[in-house]
Amino acid sequence: MLRPLRAMCKADKCLKLQNLALAKRPHPPHCPRAGLTFSWRLLSLGSIPPSPGAGDDGEWDGSQPGQEAGAGQGCPGWARTAPLPGRAALPPRRRPLSPLERLSRLIPQEMLAQEVMELREQHLNQEPGGSSGPRGDNAAPMPTAPTGSPAAPGGSWHLAQEEAPGQEGTTCHLSPPDKEVPFKIGDVVLVEFCRRRRLELQKMFNLMTGGKLHSKWGTLAHQEILGNLPGQVFRTSTGFEFIMRRPSLEEFVLLMKRGPTISYPKDISAMLMMMDVSSGDCVLESGSGSGAMTLFLSRTVGSSGHVYSFEVRPDHHCNAKRNYQRWRNAWEVAREKEWPNNVNFIQKDIVSAADDIQGKMFDAISLDMLNPQLALPVIYTYLKQGGVCAVYLANITQVVDLLEGIRSSQLSLSCEKILEVIHKKWLVAPALRKDGSVAPRVEPQRNVYDELGAEEGRDATMLEDDGEEEDTKPFCTIPYIARPQHEQVSHTAFLVKLRKFRPASLHSTPQQ
């Protein structure tokens, strides 16, 4: 590594000798335009540190009274010209870095060898104007070790940055990462326990004072969970290991208390893509159910949007409001900020709810009801032109009734898509024996030939060995299994995408 560094140091020294030779040439005649061109030509070649007595002949040196020459202020007088009349003075220019300094900035200080450090100090001491220290007065500051590294323990979050001309002393500050919030009272916790690649326990509960988690694999007091970060593994009273973490919104809607069957997250994501809902939209939902679709719509529209959710049954209406409020409370405890309160739960049949939505126009409509063809003539006029109405139906016969209702009512709705979302879960894991140990990898076996074709078999084997010898070698020592899981979620619903359009106007003519 020393040879390239010494070669670059020699090249840098040759460049500085050329600059010194240019400096000894006679000055051009005093002409504002010619002097400025000559100065910028020298600056483009690279400036050199000032020699003793520079700036004593009445030439402007760019420094203010009472200001010492520091980084970017040590250029000689001939490298700077006086400002032209009516023009501002040029900013001071810093000395260009040598190849050794550039490499030193790229490599952490603690990784530099002692020989490289000595070579760098020797090179800096040999530069003109560098007698006031090992680095000189106008030497560029060397990078400091970033905080958090062994060289600078206990520092703040900032990294040294190369200073631009006229911006000396500035540093690039990086904001620290968001702090992790430990478990608190009122937090919603998801506990999971897996054994033999099978999820044996998945339960969601709220932390409370004096509470205790009970299961057939042992008990665990809530007091032991409080104060720990999510993702912590705990041992129960019987020695089994449970992992505790906060649930995502998808896991929350699958494990919350239900009234009717929920809209599954795989279908909700497809419906959100159909409706193209974004922040700030106003959405109408018919069929609150247990509140699964309502929660996803609330997160999508954000604090600037709004969701109107109608439910005809009082028990479903109360259950949806309870689940929505539980998620809001858990979000405020875990994130230490409030979930947007952007949902209006209305207990009324959507067919007779024209007065509640009078004067409003919706960007999208979501229907999860038994007979949506009865509600479409009422809510059709409140959907924006070009907007999408996504319908969630369980049976294919309901899809047929929906399309027949649109045709008979002559609504300007086009059916763009009817789909069924199917997800297949796979298992990819190391192959294990019944006792839990890893099964050994079996070497691939060759084909067995009968006695009549033994000669042809040996010849074919020799040819295969010449071309595919590397393919038969095992690339790992542990075998894996890859297959679909035994338990699959098949059909859940049919999703129908309806778009509102405006039919073309019929212009009457004499021929018609």
# chains A, B, ... in the order shown; residues from 1 in each chain; ligands from 1
>>> residues_around(residues="Phe242 of chain A", least_positions_apart="5", cutoff="9 Å", atoms="only C-alpha atoms", output="list of chain:residue names")
A:Val191, A:Glu192, A:Phe193, A:Cys194, A:Leu201, A:Gln232, A:Val233, A:Phe234, A:Arg235, A:Thr236
>>> select_by_dssp(residues="segment 211-399 of chain A", states="strand (DSSP E)", output="VMD selection string")
chain A and resid 212 to 215 218 to 221 232 to 235 241 to 245 282 to 286 306 to 311 343 to 347 362 to 367 383 to 393
>>> write_last_selection(atoms="N, CA and C atoms", output="compact mmCIF listing (two decimals), in the first residue's frame")
# COMPACT_ATOMS: atom_id res chain seq x y z
N LYS A 212 -52.20 -11.37 34.22
CA LYS A 212 -51.41 -12.58 34.02
C LYS A 212 -51.92 -13.28 32.77
N LEU A 213 -50.96 -13.77 31.97
CA LEU A 213 -51.27 -14.51 30.76
C LEU A 213 -51.35 -16.00 31.08
N HIS A 214 -52.47 -16.61 30.77
CA HIS A 214 -52.69 -18.02 31.05
C HIS A 214 -52.74 -18.81 29.75
N SER A 215 -52.09 -19.94 29.73
CA SER A 215 -52.13 -20.85 28.59
C SER A 215 -51.79 -22.25 29.09
N GLY A 218 -48.16 -22.74 30.29
CA GLY A 218 -47.68 -22.02 31.46
C GLY A 218 -48.27 -20.63 31.54
N THR A 219 -47.92 -19.93 32.61
CA THR A 219 -48.41 -18.57 32.86
C THR A 219 -47.25 -17.59 32.81
N LEU A 220 -47.61 -16.33 32.59
CA LEU A 220 -46.62 -15.25 32.54
C LEU A 220 -47.28 -13.99 33.04
N ALA A 221 -46.69 -13.36 34.06
CA ALA A 221 -47.25 -12.15 34.64
C ALA A 221 -47.00 -10.95 33.72
N GLN A 232 -39.16 -9.28 22.43
CA GLN A 232 -38.48 -9.96 23.52
C GLN A 232 -39.07 -11.37 23.71
N VAL A 233 -38.20 -12.32 24.00
CA VAL A 233 -38.62 -13.70 24.27
C VAL A 233 -38.67 -13.91 25.78
N PHE A 234 -39.77 -14.43 26.28
CA PHE A 234 -39.97 -14.67 27.70
C PHE A 234 -40.19 -16.17 27.93
N ARG A 235 -39.83 -16.62 29.12
CA ARG A 235 -40.07 -18.00 29.53
C ARG A 235 -41.27 -18.06 30.47
N GLU A 241 -40.93 -20.94 25.66
CA GLU A 241 -40.51 -19.61 25.24
C GLU A 241 -41.61 -18.97 24.40
N PHE A 242 -42.09 -17.80 24.84
CA PHE A 242 -43.08 -17.00 24.13
C PHE A 242 -42.40 -15.73 23.64
N ILE A 243 -42.72 -15.30 22.43
CA ILE A 243 -42.22 -14.03 21.92
C ILE A 243 -43.35 -13.01 21.99
N MET A 244 -43.02 -11.83 22.50
CA MET A 244 -44.00 -10.77 22.68
C MET A 244 -43.65 -9.62 21.75
N ARG A 245 -44.63 -9.14 21.04
CA ARG A 245 -44.45 -7.99 20.15
C ARG A 245 -45.78 -7.29 19.94
N CYS A 282 -62.51 11.19 0.26
CA CYS A 282 -63.75 10.98 1.02
C CYS A 282 -64.40 9.71 0.50
N VAL A 283 -64.58 8.72 1.39
CA VAL A 283 -65.01 7.38 1.00
C VAL A 283 -66.28 7.04 1.75
N LEU A 284 -67.19 6.36 1.04
CA LEU A 284 -68.43 5.87 1.63
C LEU A 284 -68.33 4.36 1.76
N GLU A 285 -68.66 3.83 2.95
CA GLU A 285 -68.65 2.40 3.20
C GLU A 285 -70.01 1.97 3.71
N SER A 286 -70.52 0.91 3.12
CA SER A 286 -71.79 0.35 3.56
C SER A 286 -71.53 -1.07 4.05
N HIS A 306 -61.80 11.49 4.95
CA HIS A 306 -62.92 11.12 5.83
C HIS A 306 -63.60 9.87 5.29
N VAL A 307 -64.14 9.07 6.24
CA VAL A 307 -64.83 7.84 5.92
C VAL A 307 -66.20 7.87 6.59
N TYR A 308 -67.25 7.57 5.82
CA TYR A 308 -68.61 7.46 6.33
C TYR A 308 -68.99 5.99 6.25
N SER A 309 -69.20 5.37 7.43
CA SER A 309 -69.46 3.94 7.51
C SER A 309 -70.88 3.72 8.02
N PHE A 310 -71.69 3.00 7.23
CA PHE A 310 -73.10 2.72 7.57
C PHE A 310 -73.23 1.24 7.94
N GLU A 311 -74.03 0.98 8.97
CA GLU A 311 -74.33 -0.38 9.40
C GLU A 311 -75.77 -0.41 9.91
N VAL A 343 -63.46 8.87 11.03
CA VAL A 343 -64.53 7.92 10.67
C VAL A 343 -65.81 8.34 11.38
N ASN A 344 -66.89 8.37 10.62
CA ASN A 344 -68.23 8.58 11.17
C ASN A 344 -69.01 7.28 11.05
N PHE A 345 -69.33 6.67 12.20
CA PHE A 345 -70.13 5.46 12.23
C PHE A 345 -71.60 5.85 12.33
N ILE A 346 -72.40 5.40 11.37
CA ILE A 346 -73.82 5.75 11.29
C ILE A 346 -74.62 4.45 11.27
N GLN A 347 -75.53 4.31 12.24
CA GLN A 347 -76.37 3.12 12.31
C GLN A 347 -77.66 3.38 11.54
N PHE A 362 -68.38 11.55 -3.15
CA PHE A 362 -67.39 10.59 -2.67
C PHE A 362 -66.44 10.21 -3.80
N ASP A 363 -65.16 10.05 -3.43
CA ASP A 363 -64.15 9.61 -4.40
C ASP A 363 -64.26 8.12 -4.70
N ALA A 364 -64.73 7.34 -3.74
CA ALA A 364 -64.88 5.89 -3.93
C ALA A 364 -65.94 5.40 -2.97
N ILE A 365 -66.51 4.21 -3.29
CA ILE A 365 -67.55 3.59 -2.48
C ILE A 365 -67.18 2.13 -2.30
N SER A 366 -67.34 1.63 -1.06
CA SER A 366 -67.10 0.23 -0.74
C SER A 366 -68.39 -0.37 -0.19
N LEU A 367 -68.84 -1.46 -0.82
CA LEU A 367 -70.09 -2.12 -0.43
C LEU A 367 -69.80 -3.55 0.01
N LEU A 383 -71.50 9.43 -6.20
CA LEU A 383 -70.16 9.01 -6.60
C LEU A 383 -69.66 9.93 -7.70
N LYS A 384 -68.42 10.38 -7.57
CA LYS A 384 -67.84 11.26 -8.58
C LYS A 384 -67.74 10.53 -9.91
N GLN A 385 -67.87 11.31 -10.98
CA GLN A 385 -67.76 10.72 -12.31
C GLN A 385 -66.35 10.17 -12.52
N GLY A 386 -66.26 8.92 -12.93
CA GLY A 386 -64.98 8.24 -13.04
C GLY A 386 -64.55 7.52 -11.79
N GLY A 387 -65.32 7.67 -10.71
CA GLY A 387 -65.00 6.99 -9.47
C GLY A 387 -65.33 5.52 -9.52
N VAL A 388 -64.81 4.78 -8.54
CA VAL A 388 -64.93 3.32 -8.52
C VAL A 388 -65.75 2.91 -7.31
N CYS A 389 -66.63 1.94 -7.54
CA CYS A 389 -67.39 1.30 -6.47
C CYS A 389 -66.94 -0.15 -6.41
N ALA A 390 -66.31 -0.55 -5.29
CA ALA A 390 -65.84 -1.92 -5.10
C ALA A 390 -66.86 -2.67 -4.24
N VAL A 391 -67.28 -3.85 -4.72
CA VAL A 391 -68.31 -4.63 -4.06
C VAL A 391 -67.69 -5.95 -3.60
N TYR A 392 -67.95 -6.29 -2.34
CA TYR A 392 -67.45 -7.52 -1.71
C TYR A 392 -68.60 -8.50 -1.60
N LEU A 393 -68.54 -9.61 -2.35
CA LEU A 393 -69.62 -10.59 -2.39
C LEU A 393 -69.07 -11.97 -2.11
>>> residues_around(residues="segment 417-430 of chain A", least_positions_apart="3", cutoff="6 Å", atoms="only C-alpha atoms", output="ChimeraX atom specification")
/A:479-485,494-497
>>> write_last_selection(atoms="N, CA, C and O atoms", output="PDB file, in the first residue's frame")
ATOM      1  N   PRO A 479     -29.951 -30.336   4.019  1.00  0.00           N
ATOM      2  CA  PRO A 479     -31.023 -30.382   3.015  1.00  0.00           C
ATOM      3  C   PRO A 479     -32.234 -29.565   3.462  1.00  0.00           C
ATOM      4  O   PRO A 479     -32.502 -29.432   4.659  1.00  0.00           O
ATOM      5  N   TYR A 480     -32.960 -29.045   2.497  1.00  0.00           N
ATOM      6  CA  TYR A 480     -34.151 -28.237   2.761  1.00  0.00           C
ATOM      7  C   TYR A 480     -35.361 -28.906   2.121  1.00  0.00           C
ATOM      8  O   TYR A 480     -35.239 -29.635   1.133  1.00  0.00           O
ATOM      9  N   ILE A 481     -36.512 -28.605   2.697  1.00  0.00           N
ATOM     10  CA  ILE A 481     -37.779 -29.009   2.110  1.00  0.00           C
ATOM     11  C   ILE A 481     -38.525 -27.745   1.691  1.00  0.00           C
ATOM     12  O   ILE A 481     -38.458 -26.710   2.368  1.00  0.00           O
ATOM     13  N   ALA A 482     -39.223 -27.805   0.565  1.00  0.00           N
ATOM     14  CA  ALA A 482     -40.006 -26.677   0.057  1.00  0.00           C
ATOM     15  C   ALA A 482     -41.304 -27.242  -0.493  1.00  0.00           C
ATOM     16  O   ALA A 482     -41.308 -27.954  -1.505  1.00  0.00           O
ATOM     17  N   ARG A 483     -42.403 -26.918   0.162  1.00  0.00           N
ATOM     18  CA  ARG A 483     -43.714 -27.430  -0.229  1.00  0.00           C
ATOM     19  C   ARG A 483     -44.784 -26.476   0.275  1.00  0.00           C
ATOM     20  O   ARG A 483     -44.553 -25.678   1.200  1.00  0.00           O
ATOM     21  N   PRO A 484     -45.968 -26.514  -0.311  1.00  0.00           N
ATOM     22  CA  PRO A 484     -47.077 -25.710   0.236  1.00  0.00           C
ATOM     23  C   PRO A 484     -47.479 -26.212   1.622  1.00  0.00           C
ATOM     24  O   PRO A 484     -47.385 -27.408   1.920  1.00  0.00           O
ATOM     25  N   GLN A 485     -47.889 -25.302   2.455  1.00  0.00           N
ATOM     26  CA  GLN A 485     -48.335 -25.688   3.782  1.00  0.00           C
ATOM     27  C   GLN A 485     -49.659 -26.461   3.711  1.00  0.00           C
ATOM     28  O   GLN A 485     -50.438 -26.308   2.774  1.00  0.00           O
ATOM     29  N   PHE A 494     -65.713 -12.771  -3.754  1.00  0.00           N
ATOM     30  CA  PHE A 494     -65.551 -12.254  -5.113  1.00  0.00           C
ATOM     31  C   PHE A 494     -65.558 -10.730  -5.036  1.00  0.00           C
ATOM     32  O   PHE A 494     -66.408 -10.132  -4.354  1.00  0.00           O
ATOM     33  N   LEU A 495     -64.627 -10.110  -5.724  1.00  0.00           N
ATOM     34  CA  LEU A 495     -64.499  -8.652  -5.734  1.00  0.00           C
ATOM     35  C   LEU A 495     -64.904  -8.139  -7.103  1.00  0.00           C
ATOM     36  O   LEU A 495     -64.374  -8.583  -8.134  1.00  0.00           O
ATOM     37  N   VAL A 496     -65.842  -7.192  -7.118  1.00  0.00           N
ATOM     38  CA  VAL A 496     -66.380  -6.628  -8.352  1.00  0.00           C
ATOM     39  C   VAL A 496     -66.003  -5.150  -8.396  1.00  0.00           C
ATOM     40  O   VAL A 496     -66.244  -4.411  -7.432  1.00  0.00           O
ATOM     41  N   LYS A 497     -65.418  -4.736  -9.501  1.00  0.00           N
ATOM     42  CA  LYS A 497     -65.011  -3.347  -9.695  1.00  0.00           C
ATOM     43  C   LYS A 497     -65.959  -2.675 -10.671  1.00  0.00           C
ATOM     44  O   LYS A 497     -66.034  -3.046 -11.853  1.00  0.00           O
TER      45      LYS A 497
END
>>> select_by_dssp(residues="segment 198-379 of chain A", states="alpha helix (DSSP H)", output="short mmCIF file (atom, residue, chain, number, x, y, z; two decimals) with N, CA, C and O atoms, in the first residue's frame")
data_model
loop_
_atom_site.label_atom_id
_atom_site.label_comp_id
_atom_site.auth_asym_id
_atom_site.auth_seq_id
_atom_site.Cartn_x
_atom_site.Cartn_y
_atom_site.Cartn_z
N HIS A 222 -47.98 -10.05 33.67
CA HIS A 222 -47.82 -8.84 32.87
C HIS A 222 -46.70 -7.94 33.39
O HIS A 222 -46.12 -7.17 32.61
N GLN A 223 -46.42 -8.03 34.68
CA GLN A 223 -45.38 -7.19 35.25
C GLN A 223 -44.01 -7.53 34.67
O GLN A 223 -43.15 -6.65 34.57
N GLU A 224 -43.81 -8.77 34.27
CA GLU A 224 -42.53 -9.14 33.66
C GLU A 224 -42.39 -8.60 32.25
O GLU A 224 -41.27 -8.42 31.76
N ILE A 225 -43.50 -8.32 31.59
CA ILE A 225 -43.47 -7.80 30.22
C ILE A 225 -43.27 -6.30 30.20
O ILE A 225 -42.62 -5.76 29.29
N LEU A 249 -51.51 -3.95 11.75
CA LEU A 249 -52.94 -3.76 11.50
C LEU A 249 -53.55 -5.02 10.88
O LEU A 249 -54.71 -5.36 11.18
N GLU A 250 -52.80 -5.71 10.05
CA GLU A 250 -53.31 -6.95 9.46
C GLU A 250 -53.56 -8.00 10.53
O GLU A 250 -54.60 -8.67 10.53
N GLU A 251 -52.63 -8.14 11.48
CA GLU A 251 -52.81 -9.11 12.55
C GLU A 251 -53.90 -8.69 13.52
O GLU A 251 -54.60 -9.53 14.10
N PHE A 252 -54.06 -7.38 13.70
CA PHE A 252 -55.08 -6.89 14.62
C PHE A 252 -56.48 -7.24 14.11
O PHE A 252 -57.34 -7.70 14.88
N VAL A 253 -56.75 -7.04 12.81
CA VAL A 253 -58.09 -7.31 12.29
C VAL A 253 -58.37 -8.80 12.24
O VAL A 253 -59.54 -9.22 12.26
N LEU A 254 -57.34 -9.64 12.19
CA LEU A 254 -57.56 -11.08 12.18
C LEU A 254 -57.81 -11.64 13.58
O LEU A 254 -58.46 -12.69 13.71
N LEU A 255 -57.31 -10.96 14.62
CA LEU A 255 -57.42 -11.47 15.98
C LEU A 255 -58.39 -10.68 16.86
O LEU A 255 -58.59 -11.04 18.01
N PRO A 265 -57.59 -9.34 5.00
CA PRO A 265 -56.61 -8.36 4.50
C PRO A 265 -56.22 -8.57 3.05
O PRO A 265 -55.95 -7.60 2.34
N LYS A 266 -56.17 -9.81 2.58
CA LYS A 266 -55.79 -10.04 1.18
C LYS A 266 -56.84 -9.46 0.24
O LYS A 266 -56.51 -8.96 -0.85
N ASP A 267 -58.12 -9.49 0.64
CA ASP A 267 -59.18 -8.89 -0.17
C ASP A 267 -59.23 -7.38 0.00
O ASP A 267 -59.54 -6.65 -0.94
N ILE A 268 -58.93 -6.91 1.22
CA ILE A 268 -58.97 -5.47 1.47
C ILE A 268 -57.90 -4.76 0.64
O ILE A 268 -58.15 -3.68 0.07
N SER A 269 -56.71 -5.34 0.58
CA SER A 269 -55.65 -4.70 -0.21
C SER A 269 -56.02 -4.63 -1.68
O SER A 269 -55.74 -3.62 -2.35
N ALA A 270 -56.67 -5.68 -2.20
CA ALA A 270 -57.11 -5.64 -3.60
C ALA A 270 -58.21 -4.59 -3.81
O ALA A 270 -58.23 -3.90 -4.84
N MET A 271 -59.11 -4.44 -2.85
CA MET A 271 -60.17 -3.44 -2.98
C MET A 271 -59.61 -2.03 -2.92
O MET A 271 -60.06 -1.12 -3.64
N LEU A 272 -58.61 -1.81 -2.07
CA LEU A 272 -57.99 -0.48 -2.00
C LEU A 272 -57.29 -0.14 -3.32
O LEU A 272 -57.29 1.02 -3.75
N MET A 273 -56.68 -1.14 -3.94
CA MET A 273 -56.06 -0.90 -5.25
C MET A 273 -57.13 -0.63 -6.31
O MET A 273 -56.92 0.18 -7.21
N MET A 274 -58.25 -1.31 -6.22
CA MET A 274 -59.34 -1.05 -7.17
C MET A 274 -59.86 0.38 -7.06
O MET A 274 -60.02 1.10 -8.05
N MET A 275 -60.13 0.81 -5.83
CA MET A 275 -60.70 2.14 -5.61
C MET A 275 -59.69 3.26 -5.76
O MET A 275 -60.07 4.43 -5.87
N ALA A 292 -63.01 -4.08 10.05
CA ALA A 292 -61.73 -4.36 9.40
C ALA A 292 -61.50 -3.41 8.23
O ALA A 292 -60.46 -2.74 8.13
N MET A 293 -62.45 -3.34 7.31
CA MET A 293 -62.31 -2.45 6.16
C MET A 293 -62.28 -1.00 6.59
O MET A 293 -61.57 -0.17 5.99
N THR A 294 -63.01 -0.67 7.64
CA THR A 294 -63.02 0.71 8.12
C THR A 294 -61.65 1.13 8.61
O THR A 294 -61.22 2.27 8.37
N LEU A 295 -60.93 0.26 9.31
CA LEU A 295 -59.61 0.61 9.81
C LEU A 295 -58.62 0.85 8.67
O LEU A 295 -57.83 1.80 8.71
N PHE A 296 -58.65 0.01 7.65
CA PHE A 296 -57.74 0.20 6.52
C PHE A 296 -58.09 1.46 5.74
O PHE A 296 -57.19 2.17 5.26
N LEU A 297 -59.37 1.76 5.59
CA LEU A 297 -59.75 3.00 4.91
C LEU A 297 -59.33 4.21 5.72
O LEU A 297 -58.88 5.23 5.16
N SER A 298 -59.46 4.13 7.04
CA SER A 298 -59.05 5.25 7.90
C SER A 298 -57.56 5.53 7.77
O SER A 298 -57.13 6.69 7.75
N ARG A 299 -56.75 4.47 7.71
CA ARG A 299 -55.30 4.69 7.56
C ARG A 299 -54.95 5.22 6.18
O ARG A 299 -54.02 6.02 6.03
N THR A 300 -55.70 4.82 5.15
CA THR A 300 -55.36 5.23 3.79
C THR A 300 -55.70 6.69 3.53
O THR A 300 -54.90 7.42 2.94
N VAL A 301 -56.87 7.14 3.96
CA VAL A 301 -57.28 8.52 3.68
C VAL A 301 -56.54 9.52 4.56
O VAL A 301 -56.42 10.70 4.20
N PRO A 314 -77.51 -3.06 15.03
CA PRO A 314 -76.91 -2.33 16.17
C PRO A 314 -75.73 -3.07 16.80
O PRO A 314 -74.78 -2.42 17.25
N ASP A 315 -75.77 -4.41 16.86
CA ASP A 315 -74.67 -5.13 17.48
C ASP A 315 -73.39 -5.03 16.63
O ASP A 315 -72.29 -4.86 17.17
N HIS A 316 -73.54 -5.11 15.32
CA HIS A 316 -72.37 -4.94 14.45
C HIS A 316 -71.85 -3.50 14.52
O HIS A 316 -70.64 -3.29 14.47
N HIS A 317 -72.77 -2.57 14.63
CA HIS A 317 -72.37 -1.16 14.72
C HIS A 317 -71.53 -0.90 15.98
O HIS A 317 -70.47 -0.25 15.91
N CYS A 318 -71.96 -1.44 17.11
CA CYS A 318 -71.21 -1.25 18.36
C CYS A 318 -69.87 -1.98 18.33
O CYS A 318 -68.86 -1.48 18.84
N ASN A 319 -69.84 -3.16 17.73
CA ASN A 319 -68.59 -3.92 17.67
C ASN A 319 -67.56 -3.22 16.79
O ASN A 319 -66.37 -3.18 17.12
N ALA A 320 -67.99 -2.64 15.67
CA ALA A 320 -67.06 -1.92 14.80
C ALA A 320 -66.49 -0.69 15.51
O ALA A 320 -65.28 -0.41 15.42
N LYS A 321 -67.33 0.04 16.23
CA LYS A 321 -66.84 1.21 16.96
C LYS A 321 -65.88 0.80 18.07
O LYS A 321 -64.87 1.49 18.31
N ARG A 322 -66.14 -0.32 18.74
CA ARG A 322 -65.27 -0.78 19.82
C ARG A 322 -63.89 -1.18 19.28
O ARG A 322 -62.86 -0.81 19.86
N ASN A 323 -63.86 -1.91 18.19
CA ASN A 323 -62.57 -2.30 17.61
C ASN A 323 -61.79 -1.11 17.08
O ASN A 323 -60.56 -1.04 17.19
N TYR A 324 -62.50 -0.17 16.48
CA TYR A 324 -61.82 1.03 15.97
C TYR A 324 -61.20 1.84 17.11
O TYR A 324 -60.06 2.31 17.01
N GLN A 325 -61.92 1.99 18.21
CA GLN A 325 -61.39 2.75 19.34
C GLN A 325 -60.25 2.00 20.03
O GLN A 325 -59.29 2.62 20.51
N ARG A 326 -60.32 0.69 20.06
CA ARG A 326 -59.23 -0.08 20.67
C ARG A 326 -57.93 0.07 19.89
O ARG A 326 -56.86 0.23 20.47
N TRP A 327 -58.03 0.06 18.56
CA TRP A 327 -56.82 0.26 17.76
C TRP A 327 -56.27 1.68 17.92
O TRP A 327 -55.06 1.89 17.95
N ARG A 328 -57.13 2.65 18.02
CA ARG A 328 -56.68 4.04 18.21
C ARG A 328 -55.95 4.18 19.54
O ARG A 328 -54.89 4.84 19.61
N ASN A 329 -56.47 3.58 20.60
CA ASN A 329 -55.80 3.67 21.89
C ASN A 329 -54.45 2.96 21.87
O ASN A 329 -53.46 3.45 22.43
N ALA A 330 -54.41 1.77 21.24
CA ALA A 330 -53.14 1.06 21.17
C ALA A 330 -52.11 1.82 20.34
O ALA A 330 -50.91 1.82 20.66
N TRP A 331 -52.55 2.46 19.27
CA TRP A 331 -51.64 3.25 18.44
C TRP A 331 -51.07 4.43 19.22
O TRP A 331 -49.89 4.76 19.12
N GLU A 332 -51.89 5.08 20.02
CA GLU A 332 -51.42 6.24 20.79
C GLU A 332 -50.42 5.82 21.86
O GLU A 332 -49.47 6.54 22.13
N VAL A 333 -50.61 4.64 22.46
CA VAL A 333 -49.67 4.18 23.48
C VAL A 333 -48.35 3.76 22.85
O VAL A 333 -47.27 4.08 23.35
N ALA A 334 -48.42 3.05 21.71
CA ALA A 334 -47.21 2.51 21.09
C ALA A 334 -46.42 3.56 20.34
O ALA A 334 -45.19 3.59 20.41
N ARG A 335 -47.09 4.45 19.62
CA ARG A 335 -46.40 5.45 18.79
C ARG A 335 -46.29 6.80 19.46
O ARG A 335 -45.63 7.69 18.91
N PRO A 372 -76.35 -5.60 -2.73
CA PRO A 372 -75.86 -4.26 -3.09
C PRO A 372 -76.60 -3.64 -4.26
O PRO A 372 -76.59 -2.41 -4.41
N GLN A 373 -77.29 -4.43 -5.08
CA GLN A 373 -78.02 -3.87 -6.22
C GLN A 373 -79.19 -3.00 -5.78
O GLN A 373 -79.65 -2.15 -6.55
N LEU A 374 -79.64 -3.17 -4.53
CA LEU A 374 -80.71 -2.32 -4.01
C LEU A 374 -80.21 -0.96 -3.54
O LEU A 374 -80.97 0.01 -3.54
N ALA A 375 -78.94 -0.90 -3.16
CA ALA A 375 -78.40 0.36 -2.67
C ALA A 375 -77.75 1.20 -3.77
O ALA A 375 -77.60 2.41 -3.61
N LEU A 376 -77.37 0.58 -4.88
CA LEU A 376 -76.68 1.33 -5.93
C LEU A 376 -77.52 2.46 -6.52
O LEU A 376 -76.98 3.55 -6.76
N PRO A 377 -78.83 2.28 -6.79
CA PRO A 377 -79.59 3.42 -7.33
C PRO A 377 -79.64 4.62 -6.40
O PRO A 377 -79.79 5.76 -6.87
N VAL A 378 -79.47 4.42 -5.08
CA VAL A 378 -79.53 5.53 -4.13
C VAL A 378 -78.19 6.25 -4.04
O VAL A 378 -78.11 7.48 -4.09
N ILE A 379 -77.10 5.48 -3.91
CA ILE A 379 -75.78 6.08 -3.69
C ILE A 379 -75.05 6.35 -5.00
O ILE A 379 -73.96 6.94 -4.99
#
>>> closest_residue(among="A:Gly210, A:Pro96, A:Gly227, A:Gly280", to="Lys184 of chain A", atoms="only C-alpha atoms")
A:Gly227
>>> closest_residue(among="A:Leu207, A:Ile478, A:Leu413, A:Met361", to="Pro440 of chain A", atoms="only C-alpha atoms")
A:Ile478
